[in-house]
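This is input11.txt (compact mmCIF, C-alpha atoms and all ligand atoms).
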```txt
# COMPACT_ATOMS: atom_id res chain seq x y z
CA MET A 324 -8.84 -17.32 10.63
CA ALA A 325 -6.72 -14.24 9.93
CA LYS A 326 -3.45 -13.42 11.64
CA PHE A 327 -3.35 -12.37 15.31
CA GLN A 328 0.06 -11.14 16.34
CA VAL A 329 1.43 -9.59 19.52
CA VAL A 330 4.35 -7.54 18.27
CA ASP A 331 6.52 -7.90 21.35
CA HIS A 332 9.84 -6.62 20.04
CA PRO A 333 12.04 -5.47 22.97
CA LEU A 334 12.00 -1.86 21.74
CA ILE A 335 8.22 -1.91 21.66
CA GLN A 336 7.97 -3.42 25.15
CA HIS A 337 10.37 -0.81 26.51
CA LYS A 338 8.47 2.05 24.90
CA LEU A 339 5.12 0.65 26.07
CA THR A 340 6.37 0.74 29.65
CA ILE A 341 7.10 4.45 29.19
CA ILE A 342 3.60 5.27 27.98
CA ARG A 343 1.94 3.07 30.61
CA ASP A 344 3.65 5.10 33.37
CA LYS A 345 1.23 7.69 34.75
CA ASN A 346 4.13 10.11 35.33
CA THR A 347 5.02 10.28 31.62
CA SER A 348 4.34 13.77 30.25
CA THR A 349 1.95 14.48 27.40
CA LYS A 350 4.89 15.44 25.18
CA GLN A 351 6.73 12.21 25.81
CA PHE A 352 3.55 10.13 25.59
CA ARG A 353 2.84 11.56 22.14
CA GLU A 354 6.39 11.07 20.91
CA VAL A 355 6.73 7.51 22.18
CA THR A 356 3.27 6.52 20.92
CA ASN A 357 4.35 7.57 17.44
CA GLU A 358 7.62 5.69 17.82
CA ILE A 359 5.73 2.51 18.70
CA ALA A 360 3.37 3.06 15.78
CA MET A 361 6.36 3.35 13.46
CA LEU A 362 7.78 0.06 14.76
CA MET A 363 4.36 -1.55 14.32
CA ALA A 364 4.24 -0.23 10.74
CA TYR A 365 7.47 -2.08 10.05
CA GLU A 366 5.87 -5.36 11.18
CA ILE A 367 2.44 -4.99 9.58
CA THR A 368 3.96 -4.27 6.18
CA ARG A 369 6.18 -7.37 6.28
CA ASP A 370 3.89 -9.26 3.87
CA LEU A 371 3.46 -6.52 1.27
CA PRO A 372 3.97 -7.89 -2.22
CA LEU A 373 7.04 -6.90 -4.23
CA GLU A 374 7.63 -6.66 -7.95
CA ASP A 375 10.74 -6.41 -10.08
CA VAL A 376 11.79 -3.05 -11.42
CA GLU A 377 14.73 -2.27 -13.67
CA ILE A 378 16.85 0.66 -12.58
CA GLU A 379 20.32 1.95 -13.34
CA THR A 380 22.77 2.22 -10.52
CA PRO A 381 25.72 4.56 -11.20
CA LEU A 382 27.49 1.44 -12.54
CA VAL A 383 25.05 -0.91 -14.32
CA LYS A 384 21.46 -1.68 -15.18
CA SER A 385 19.95 -3.85 -12.46
CA VAL A 386 16.63 -5.50 -11.62
CA GLN A 387 15.57 -4.69 -8.07
CA LYS A 388 12.41 -4.81 -5.93
CA GLN A 389 9.69 -2.30 -5.25
CA ILE A 390 6.40 -2.49 -3.35
CA ALA A 391 3.57 -3.69 -5.58
CA GLY A 392 -0.10 -4.49 -5.15
CA LYS A 393 -2.85 -2.40 -3.69
CA LYS A 394 -2.28 1.18 -2.65
CA LEU A 395 -2.33 1.74 1.08
CA ALA A 396 -4.41 3.85 3.43
CA ILE A 397 -4.18 4.49 7.14
CA ILE A 398 -7.52 4.96 8.89
CA PRO A 399 -7.25 6.35 12.42
CA ILE A 400 -10.30 6.03 14.64
CA LEU A 401 -10.73 9.49 16.16
CA ARG A 402 -9.51 10.76 18.28
CA ALA A 403 -6.88 8.53 19.87
CA GLY A 404 -5.99 6.87 16.54
CA LEU A 405 -4.52 10.20 15.41
CA GLY A 406 -1.71 9.60 17.88
CA MET A 407 -0.42 6.73 15.71
CA VAL A 408 -0.65 8.37 12.28
CA ASP A 409 2.59 10.38 12.11
CA GLY A 410 4.70 7.42 13.18
CA MET A 411 3.13 5.18 10.55
CA VAL A 412 3.34 7.78 7.80
CA ASP A 413 7.06 8.14 8.51
CA LEU A 414 7.44 4.57 7.21
CA ILE A 415 4.61 4.58 4.63
CA PRO A 416 4.76 8.13 3.26
CA ALA A 417 2.61 7.46 0.17
CA ALA A 418 -0.34 6.15 2.19
CA ARG A 419 -3.58 8.10 2.02
CA ILE A 420 -5.32 8.86 5.29
CA GLY A 421 -9.02 8.49 6.05
CA HIS A 422 -10.76 9.28 9.32
CA ILE A 423 -13.52 7.64 11.31
CA GLY A 424 -15.00 9.56 14.22
CA LEU A 425 -16.47 7.39 16.95
CA TYR A 426 -17.15 8.21 20.53
CA ARG A 427 -17.87 5.77 23.29
CA ASP A 428 -21.22 6.09 25.04
CA GLU A 429 -20.09 5.93 28.65
CA ASP A 430 -23.30 4.18 29.77
CA THR A 431 -23.64 1.48 27.10
CA LEU A 432 -19.90 1.44 26.17
CA GLU A 433 -21.14 1.23 22.55
CA ALA A 434 -19.40 3.16 19.75
CA VAL A 435 -21.36 5.96 18.08
CA GLU A 436 -20.23 7.29 14.65
CA TYR A 437 -20.00 11.08 14.19
CA PHE A 438 -17.56 11.51 11.27
CA ALA A 439 -16.24 9.58 8.28
CA LYS A 440 -14.06 10.81 5.40
CA PHE A 441 -12.04 8.45 3.19
CA PRO A 442 -9.99 8.46 -0.01
CA GLN A 443 -12.36 8.01 -2.99
CA ASP A 444 -10.89 4.66 -3.99
CA ILE A 445 -11.06 3.27 -0.44
CA SER A 446 -12.55 -0.08 -1.52
CA GLU A 447 -9.52 -0.76 -3.76
CA ARG A 448 -6.91 -0.04 -1.11
CA ARG A 449 -5.28 -2.10 1.58
CA LEU A 450 -6.29 -0.46 4.86
CA PHE A 451 -4.56 -0.18 8.20
CA VAL A 452 -7.24 0.83 10.71
CA VAL A 453 -5.54 2.18 13.83
CA ASP A 454 -6.65 2.83 17.40
CA PRO A 455 -4.27 2.58 20.36
CA MET A 456 -6.71 0.65 22.57
CA LEU A 457 -8.77 -2.45 21.74
CA ALA A 458 -10.91 -2.59 24.89
CA THR A 459 -14.44 -3.98 24.45
CA GLY A 460 -13.87 -4.10 20.69
CA SER A 461 -16.97 -2.04 19.99
CA SER A 462 -15.15 0.89 18.32
CA ALA A 463 -13.04 -1.39 16.16
CA ILE A 464 -16.09 -3.44 15.15
CA ALA A 465 -18.15 -0.30 14.44
CA ALA A 466 -15.33 1.08 12.27
CA LEU A 467 -15.09 -2.17 10.32
CA ASP A 468 -18.89 -2.37 10.01
CA LEU A 469 -18.85 1.07 8.41
CA LEU A 470 -15.99 0.25 6.03
CA THR A 471 -17.37 -3.10 4.91
CA SER A 472 -21.08 -2.26 4.70
CA LYS A 473 -21.11 1.34 3.45
CA TYR A 474 -17.79 1.54 1.56
CA ASN A 475 -17.58 -2.03 0.17
CA VAL A 476 -14.18 -2.75 1.67
CA GLN A 477 -13.42 -6.49 1.79
CA PRO A 478 -12.42 -7.67 5.29
CA GLU A 479 -9.34 -9.37 3.75
CA ASN A 480 -8.05 -5.93 2.75
CA ILE A 481 -8.15 -4.60 6.31
CA THR A 482 -5.53 -4.89 9.04
CA PHE A 483 -6.39 -3.59 12.50
CA VAL A 484 -3.48 -2.17 14.49
CA CYS A 485 -3.58 -1.28 18.19
CA LEU A 486 -1.06 -0.82 20.95
CA VAL A 487 -2.83 -2.37 23.95
CA SER A 488 -5.65 -4.89 23.76
CA ALA A 489 -7.86 -6.72 26.25
CA PRO A 490 -8.74 -10.41 25.83
CA GLU A 491 -12.44 -9.45 25.79
CA GLY A 492 -11.89 -7.09 22.85
CA VAL A 493 -9.74 -9.54 20.92
CA LYS A 494 -12.40 -12.23 21.32
CA ALA A 495 -15.25 -9.96 20.18
CA PHE A 496 -13.15 -8.70 17.27
CA GLN A 497 -12.19 -12.17 16.05
CA GLU A 498 -15.74 -13.51 16.39
CA THR A 499 -17.08 -10.64 14.29
CA TYR A 500 -14.23 -10.26 11.81
CA PRO A 501 -12.38 -13.58 11.58
CA ASP A 502 -10.82 -12.54 8.24
CA VAL A 503 -9.22 -9.32 9.47
CA ASP A 504 -5.59 -9.41 10.59
CA LEU A 505 -5.11 -8.03 14.09
CA TYR A 506 -1.80 -6.69 15.41
CA THR A 507 -1.30 -5.49 18.96
CA ALA A 508 1.81 -4.43 20.85
CA ALA A 509 0.50 -5.95 24.09
CA LEU A 510 -2.29 -8.25 25.22
CA ASP A 511 -3.24 -7.09 28.72
CA GLU A 512 -5.10 -8.84 31.54
CA ARG A 513 -8.71 -7.68 31.42
CA LEU A 514 -11.20 -4.82 31.39
CA ASN A 515 -12.36 -3.10 34.54
CA GLU A 516 -16.02 -2.32 35.23
CA HIS A 517 -15.74 0.96 33.27
CA GLY A 518 -14.36 -0.73 30.16
CA TYR A 519 -10.77 0.40 30.75
CA ILE A 520 -7.93 -2.00 30.07
CA LEU A 521 -5.91 -3.27 33.06
CA PRO A 522 -3.07 -2.59 33.55
CA GLY A 523 -3.46 -0.49 30.37
CA LEU A 524 -2.33 3.10 30.10
CA GLY A 525 -5.48 5.03 30.98
CA ASP A 526 -7.45 7.03 28.45
CA ALA A 527 -5.25 7.11 25.36
CA GLY A 528 -6.98 10.17 23.87
CA ASP A 529 -6.61 12.18 27.06
CA ARG A 530 -2.98 11.19 27.38
CA ILE A 531 -2.12 12.01 23.74
CA PHE A 532 -3.90 15.36 23.74
CA GLY A 533 -3.36 16.32 27.37
CA THR A 534 -7.05 16.78 28.06
CA LYS A 535 -7.09 15.49 31.62
N1 LIG A 601 -9.96 3.47 25.73
C1 LIG A 601 -8.85 3.96 26.33
O1 LIG A 601 -8.37 5.02 25.95
N2 LIG A 601 -8.31 3.29 27.36
C2 LIG A 601 -8.80 2.11 27.79
O2 LIG A 601 -8.24 1.52 28.72
C3 LIG A 601 -9.95 1.60 27.16
C4 LIG A 601 -10.51 2.29 26.13
```

Please express what this file holds, its structure, as structure tokens.
Ligand code: URA
Amino acid sequence: MAKFQVVDHPLIQHKLTIIRDKNTSTKQFREVTNEIAMLMAYEITRDLPLEDVEIETPLVKSVQKQIAGKKLAIIPILRAGLGMVDGMVDLIPAARIGHIGLYRDEDTLEAVEYFAKFPQDISERRLFVVDPMLATGSSAIAALDLLTSKYNVQPENITFVCLVSAPEGVKAFQETYPDVDLYTAALDERLNEHGYILPGLGDAGDRIFGTK
């Protein structure tokens, strides 16, 4: 079984409270969402491999460390995933960015793909697939289905990163993709009858883009 981690750093919990609050403005929601994403990026990259590199400081030659291993890519699930990209890129500036467009059929709650564009060497990269909400799990699973079946990405090379998750979504995700690491900033109580996370933060896309 891959890693499942609730990244409950005090700064993250504090910032989550801000974006959960219905009175938080679109501007602040967007800013704080990116701040949380940046803090999550710090945690999800903790295991990146390092290699030795010889450099010269102003005083001497010295062997130091640099990131090694697979190149990285951030894959936001449109549209809400876009709200996490800037914060993550601040910490991982060399990462390529791919996009998966999925919308949720409001009747079936199933994810329907409408767009996909990735770096050419996607199957050789380590991927961070991002979406603020892991609710039923259907969008996350559909995104991973696409990456693994059509683009030959190995599940071991994928990490899924969300801000708020529901137990139902975590369960579905882990049953379908037991080899994919899953990081969330909060594990909430449950889904309501419309598939929204409780207590949650509402519709993440609407709150990021100010569309409601
Ligand atoms: N998507 C959201 O944006 N919010 C939820 O609570 C569930 C799915």

Local residues around (3.7, -0.9, 27.4), at most 10 Å away, using only C-alpha atoms, as a list in words: Asp331, Ile335, Gln336, His337, Lys338, Leu339, Thr340, Ile341, Ile342, Arg343, Asp344, Thr356, Ile359, Leu486, Val487, Ala508, Ala509, Leu510, Asp511, Pro522, Gly523 and Leu524 of chain A

File of the preceding selection, C-alpha atoms, as a PDB file, in the frame of the given file:
```pdb
ATOM      1  CA  ASP A 331       6.520  -7.900  21.350  1.00  0.00           C
ATOM      2  CA  ILE A 335       8.220  -1.910  21.660  1.00  0.00           C
ATOM      3  CA  GLN A 336       7.970  -3.420  25.150  1.00  0.00           C
ATOM      4  CA  HIS A 337      10.370  -0.810  26.510  1.00  0.00           C
ATOM      5  CA  LYS A 338       8.470   2.050  24.900  1.00  0.00           C
ATOM      6  CA  LEU A 339       5.120   0.650  26.070  1.00  0.00           C
ATOM      7  CA  THR A 340       6.370   0.740  29.650  1.00  0.00           C
ATOM      8  CA  ILE A 341       7.100   4.450  29.190  1.00  0.00           C
ATOM      9  CA  ILE A 342       3.600   5.270  27.980  1.00  0.00           C
ATOM     10  CA  ARG A 343       1.940   3.070  30.610  1.00  0.00           C
ATOM     11  CA  ASP A 344       3.650   5.100  33.370  1.00  0.00           C
ATOM     12  CA  THR A 356       3.270   6.520  20.920  1.00  0.00           C
ATOM     13  CA  ILE A 359       5.730   2.510  18.700  1.00  0.00           C
ATOM     14  CA  LEU A 486      -1.060  -0.820  20.950  1.00  0.00           C
ATOM     15  CA  VAL A 487      -2.830  -2.370  23.950  1.00  0.00           C
ATOM     16  CA  ALA A 508       1.810  -4.430  20.850  1.00  0.00           C
ATOM     17  CA  ALA A 509       0.500  -5.950  24.090  1.00  0.00           C
ATOM     18  CA  LEU A 510      -2.290  -8.250  25.220  1.00  0.00           C
ATOM     19  CA  ASP A 511      -3.240  -7.090  28.720  1.00  0.00           C
ATOM     20  CA  PRO A 522      -3.070  -2.590  33.550  1.00  0.00           C
ATOM     21  CA  GLY A 523      -3.460  -0.490  30.370  1.00  0.00           C
ATOM     22  CA  LEU A 524      -2.330   3.100  30.100  1.00  0.00           C
TER      23      LEU A 524
END
```

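Among A:Thr482, A:Asn357, A:Thr459, A:Asn475, the residue with the shortest atom-to-atom distance to ligand LIG 601 (chain A), counting all atoms listed in the file, is A:Thr459.
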
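Take the candidates A:Tyr474, A:Phe327, A:Tyr506, A:Tyr519 and check each one against Ala489 of chain A using only C-alpha atoms; the shortest distance goes to A:Tyr519.
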
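Coordinates place atom CA of Met407 of chain A at a distance of 5.3 Å from atom CA of Ala360 of chain A.
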
Using only C-alpha atoms and all ligand atoms, which residues have at least one atom no more than 8 Å from ligand LIG 601 (chain A)? Output them as a PDB file with C-alpha atoms, in the coordinates of the input.
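The result, written out as result_12.pdb:
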```pdb
ATOM      1  CA  ALA A 403      -6.880   8.530  19.870  1.00  0.00           C
ATOM      2  CA  PRO A 455      -4.270   2.580  20.360  1.00  0.00           C
ATOM      3  CA  MET A 456      -6.710   0.650  22.570  1.00  0.00           C
ATOM      4  CA  LEU A 457      -8.770  -2.450  21.740  1.00  0.00           C
ATOM      5  CA  ALA A 458     -10.910  -2.590  24.890  1.00  0.00           C
ATOM      6  CA  THR A 459     -14.440  -3.980  24.450  1.00  0.00           C
ATOM      7  CA  LEU A 514     -11.200  -4.820  31.390  1.00  0.00           C
ATOM      8  CA  GLY A 518     -14.360  -0.730  30.160  1.00  0.00           C
ATOM      9  CA  TYR A 519     -10.770   0.400  30.750  1.00  0.00           C
ATOM     10  CA  ILE A 520      -7.930  -2.000  30.070  1.00  0.00           C
ATOM     11  CA  LEU A 521      -5.910  -3.270  33.060  1.00  0.00           C
ATOM     12  CA  GLY A 523      -3.460  -0.490  30.370  1.00  0.00           C
ATOM     13  CA  LEU A 524      -2.330   3.100  30.100  1.00  0.00           C
ATOM     14  CA  GLY A 525      -5.480   5.030  30.980  1.00  0.00           C
ATOM     15  CA  ASP A 526      -7.450   7.030  28.450  1.00  0.00           C
ATOM     16  CA  ALA A 527      -5.250   7.110  25.360  1.00  0.00           C
ATOM     17  CA  GLY A 528      -6.980  10.170  23.870  1.00  0.00           C
ATOM     18  CA  ASP A 529      -6.610  12.180  27.060  1.00  0.00           C
TER      19      ASP A 529
END
```

Give me the residues near Leu371 of chain A as a compact mmCIF listing (two decimals) with C-alpha atoms, in the coordinates of the input, where near means some atom within 8 Å (using only C-alpha atoms) and where sequence neighbours in that chain fewer than 4 positions away do not count.
```txt
# COMPACT_ATOMS: atom_id res chain seq x y z
CA ILE A 390 6.40 -2.49 -3.35
CA ALA A 391 3.57 -3.69 -5.58
CA GLY A 392 -0.10 -4.49 -5.15
```

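Across the model, the gap from atom CA of Gln328 of chain A to atom CA of Ala495 of chain A is 15.8 Å.
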
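Within 10 Å of the point (-5.5, 6.2, -3.9), counting only C-alpha atoms, the protein and nucleic acid residues come to Lys393, Lys394, Leu395, Ala396, Ala417, Ala418, Arg419, Ile420, Phe441, Pro442, Gln443, Asp444, Ile445, Ser446, Glu447, Arg448 and Arg449 of chain A.
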
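Restricting the calculation to only C-alpha atoms, the smallest distance between Phe483 of chain A and any of A:Val412, A:Leu334, A:Leu505, A:Val383 is found for A:Leu505.
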
Counting all atoms listed in the file, the residue of A:Leu405, A:Ile423, A:Leu469, A:Val484 that sits nearest Phe532 of chain A: A:Leu405

Nearest residue to Tyr437 of chain A from the set A:Ala465, A:Ala364, A:Val453, A:Met324 (distances using all atoms listed in the file): A:Ala465

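Compared by their closest atoms to Val355 of chain A, and using only C-alpha atoms, the residues A:Gly410, A:Asp504, A:Asp468, A:Lys388 rank with A:Gly410 nearest.
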
Spatial neighbours of Gln389 of chain A, 8 Å, only C-alpha atoms, chain gap at least 3 places, as a PyMOL selection string: chain A and resi 373-376

Just write the chosen residues, C-alpha atoms, as a CSV table (one decimal), keeping the file's coordinate frame.
```csv
chain,number,residue,atom,x,y,z
A,373,LEU,CA,7.0,-6.9,-4.2
A,374,GLU,CA,7.6,-6.7,-8.0
A,375,ASP,CA,10.7,-6.4,-10.1
A,376,VAL,CA,11.8,-3.0,-11.4
```

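Put simply, atom CA of Val493 of chain A is 19.7 Å away from atom CA of Gln477 of chain A.
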
Regenerate segment 498-509 of chain A at the level of all heavy atoms and dump it as a PDB file, in the coordinates of the input.
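Full text of out.pdb as output:
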```pdb
ATOM      1  N   GLU A 498     -14.452 -12.859  16.671  1.00  0.00           N
ATOM      2  CA  GLU A 498     -15.740 -13.510  16.390  1.00  0.00           C
ATOM      3  C   GLU A 498     -16.486 -12.769  15.283  1.00  0.00           C
ATOM      4  O   GLU A 498     -17.169 -13.376  14.471  1.00  0.00           O
ATOM      5  CB  GLU A 498     -16.589 -13.545  17.666  1.00  0.00           C
ATOM      6  CG  GLU A 498     -16.138 -14.661  18.604  1.00  0.00           C
ATOM      7  CD  GLU A 498     -16.836 -14.631  19.954  1.00  0.00           C
ATOM      8  OE1 GLU A 498     -17.711 -13.755  20.178  1.00  0.00           O
ATOM      9  OE2 GLU A 498     -16.479 -15.467  20.796  1.00  0.00           O
ATOM     10  N   THR A 499     -16.337 -11.433  15.282  1.00  0.00           N
ATOM     11  CA  THR A 499     -17.080 -10.640  14.290  1.00  0.00           C
ATOM     12  C   THR A 499     -16.349 -10.554  12.961  1.00  0.00           C
ATOM     13  O   THR A 499     -16.966 -10.587  11.901  1.00  0.00           O
ATOM     14  CB  THR A 499     -17.330  -9.220  14.846  1.00  0.00           C
ATOM     15  OG1 THR A 499     -17.703  -9.311  16.207  1.00  0.00           O
ATOM     16  CG2 THR A 499     -18.418  -8.499  14.064  1.00  0.00           C
ATOM     17  N   TYR A 500     -15.036 -10.418  13.031  1.00  0.00           N
ATOM     18  CA  TYR A 500     -14.230 -10.260  11.810  1.00  0.00           C
ATOM     19  C   TYR A 500     -13.077 -11.271  11.773  1.00  0.00           C
ATOM     20  O   TYR A 500     -11.902 -10.906  11.893  1.00  0.00           O
ATOM     21  CB  TYR A 500     -13.708  -8.821  11.704  1.00  0.00           C
ATOM     22  CG  TYR A 500     -14.805  -7.887  11.264  1.00  0.00           C
ATOM     23  CD1 TYR A 500     -15.451  -7.076  12.175  1.00  0.00           C
ATOM     24  CD2 TYR A 500     -15.231  -7.863   9.951  1.00  0.00           C
ATOM     25  CE1 TYR A 500     -16.498  -6.254  11.780  1.00  0.00           C
ATOM     26  CE2 TYR A 500     -16.274  -7.049   9.537  1.00  0.00           C
ATOM     27  CZ  TYR A 500     -16.899  -6.248  10.455  1.00  0.00           C
ATOM     28  OH  TYR A 500     -17.940  -5.453  10.057  1.00  0.00           O
ATOM     29  N   PRO A 501     -13.420 -12.552  11.581  1.00  0.00           N
ATOM     30  CA  PRO A 501     -12.380 -13.580  11.580  1.00  0.00           C
ATOM     31  C   PRO A 501     -11.381 -13.442  10.432  1.00  0.00           C
ATOM     32  O   PRO A 501     -10.302 -14.034  10.489  1.00  0.00           O
ATOM     33  CB  PRO A 501     -13.169 -14.897  11.455  1.00  0.00           C
ATOM     34  CG  PRO A 501     -14.492 -14.514  10.887  1.00  0.00           C
ATOM     35  CD  PRO A 501     -14.773 -13.123  11.352  1.00  0.00           C
ATOM     36  N   ASP A 502     -11.728 -12.654   9.396  1.00  0.00           N
ATOM     37  CA  ASP A 502     -10.820 -12.540   8.240  1.00  0.00           C
ATOM     38  C   ASP A 502      -9.960 -11.280   8.285  1.00  0.00           C
ATOM     39  O   ASP A 502      -9.274 -10.961   7.308  1.00  0.00           O
ATOM     40  CB  ASP A 502     -11.635 -12.527   6.938  1.00  0.00           C
ATOM     41  CG  ASP A 502     -12.352 -13.848   6.742  1.00  0.00           C
ATOM     42  OD1 ASP A 502     -11.801 -14.879   7.175  1.00  0.00           O
ATOM     43  OD2 ASP A 502     -13.469 -13.836   6.194  1.00  0.00           O
ATOM     44  N   VAL A 503     -10.018 -10.544   9.385  1.00  0.00           N
ATOM     45  CA  VAL A 503      -9.220  -9.320   9.470  1.00  0.00           C
ATOM     46  C   VAL A 503      -7.995  -9.565  10.352  1.00  0.00           C
ATOM     47  O   VAL A 503      -8.122 -10.019  11.497  1.00  0.00           O
ATOM     48  CB  VAL A 503     -10.068  -8.157  10.049  1.00  0.00           C
ATOM     49  CG1 VAL A 503      -9.209  -6.907  10.261  1.00  0.00           C
ATOM     50  CG2 VAL A 503     -11.232  -7.842   9.111  1.00  0.00           C
ATOM     51  N   ASP A 504      -6.814  -9.271   9.804  1.00  0.00           N
ATOM     52  CA  ASP A 504      -5.590  -9.410  10.590  1.00  0.00           C
ATOM     53  C   ASP A 504      -5.588  -8.412  11.748  1.00  0.00           C
ATOM     54  O   ASP A 504      -6.011  -7.253  11.581  1.00  0.00           O
ATOM     55  CB  ASP A 504      -4.357  -9.127   9.711  1.00  0.00           C
ATOM     56  CG  ASP A 504      -4.096 -10.245   8.712  1.00  0.00           C
ATOM     57  OD1 ASP A 504      -4.638 -11.350   8.899  1.00  0.00           O
ATOM     58  OD2 ASP A 504      -3.365  -9.995   7.748  1.00  0.00           O
ATOM     59  N   LEU A 505      -5.109  -8.867  12.888  1.00  0.00           N
ATOM     60  CA  LEU A 505      -5.110  -8.030  14.090  1.00  0.00           C
ATOM     61  C   LEU A 505      -3.701  -8.030  14.692  1.00  0.00           C
ATOM     62  O   LEU A 505      -3.165  -9.096  15.024  1.00  0.00           O
ATOM     63  CB  LEU A 505      -6.133  -8.598  15.081  1.00  0.00           C
ATOM     64  CG  LEU A 505      -6.175  -8.038  16.493  1.00  0.00           C
ATOM     65  CD1 LEU A 505      -6.382  -6.529  16.488  1.00  0.00           C
ATOM     66  CD2 LEU A 505      -7.307  -8.707  17.275  1.00  0.00           C
ATOM     67  N   TYR A 506      -3.126  -6.845  14.810  1.00  0.00           N
ATOM     68  CA  TYR A 506      -1.800  -6.690  15.410  1.00  0.00           C
ATOM     69  C   TYR A 506      -1.919  -5.826  16.654  1.00  0.00           C
ATOM     70  O   TYR A 506      -2.555  -4.764  16.622  1.00  0.00           O
ATOM     71  CB  TYR A 506      -0.833  -5.995  14.443  1.00  0.00           C
ATOM     72  CG  TYR A 506      -0.374  -6.843  13.294  1.00  0.00           C
ATOM     73  CD1 TYR A 506      -1.201  -7.056  12.195  1.00  0.00           C
ATOM     74  CD2 TYR A 506       0.894  -7.404  13.276  1.00  0.00           C
ATOM     75  CE1 TYR A 506      -0.781  -7.829  11.121  1.00  0.00           C
ATOM     76  CE2 TYR A 506       1.333  -8.177  12.206  1.00  0.00           C
ATOM     77  CZ  TYR A 506       0.491  -8.380  11.144  1.00  0.00           C
ATOM     78  OH  TYR A 506       0.915  -9.146  10.080  1.00  0.00           O
ATOM     79  N   THR A 507      -1.318  -6.279  17.734  1.00  0.00           N
ATOM     80  CA  THR A 507      -1.300  -5.490  18.960  1.00  0.00           C
ATOM     81  C   THR A 507       0.112  -5.523  19.536  1.00  0.00           C
ATOM     82  O   THR A 507       0.836  -6.508  19.351  1.00  0.00           O
ATOM     83  CB  THR A 507      -2.336  -6.038  19.975  1.00  0.00           C
ATOM     84  OG1 THR A 507      -2.353  -5.237  21.143  1.00  0.00           O
ATOM     85  CG2 THR A 507      -2.041  -7.477  20.385  1.00  0.00           C
ATOM     86  N   ALA A 508       0.481  -4.443  20.234  1.00  0.00           N
ATOM     87  CA  ALA A 508       1.810  -4.430  20.850  1.00  0.00           C
ATOM     88  C   ALA A 508       1.784  -5.156  22.198  1.00  0.00           C
ATOM     89  O   ALA A 508       2.822  -5.608  22.663  1.00  0.00           O
ATOM     90  CB  ALA A 508       2.287  -2.988  21.017  1.00  0.00           C
ATOM     91  N   ALA A 509       0.604  -5.248  22.807  1.00  0.00           N
ATOM     92  CA  ALA A 509       0.500  -5.950  24.090  1.00  0.00           C
ATOM     93  C   ALA A 509      -0.918  -6.487  24.256  1.00  0.00           C
ATOM     94  O   ALA A 509      -1.894  -5.836  23.864  1.00  0.00           O
ATOM     95  CB  ALA A 509       0.815  -5.008  25.244  1.00  0.00           C
TER      96      ALA A 509
END
```
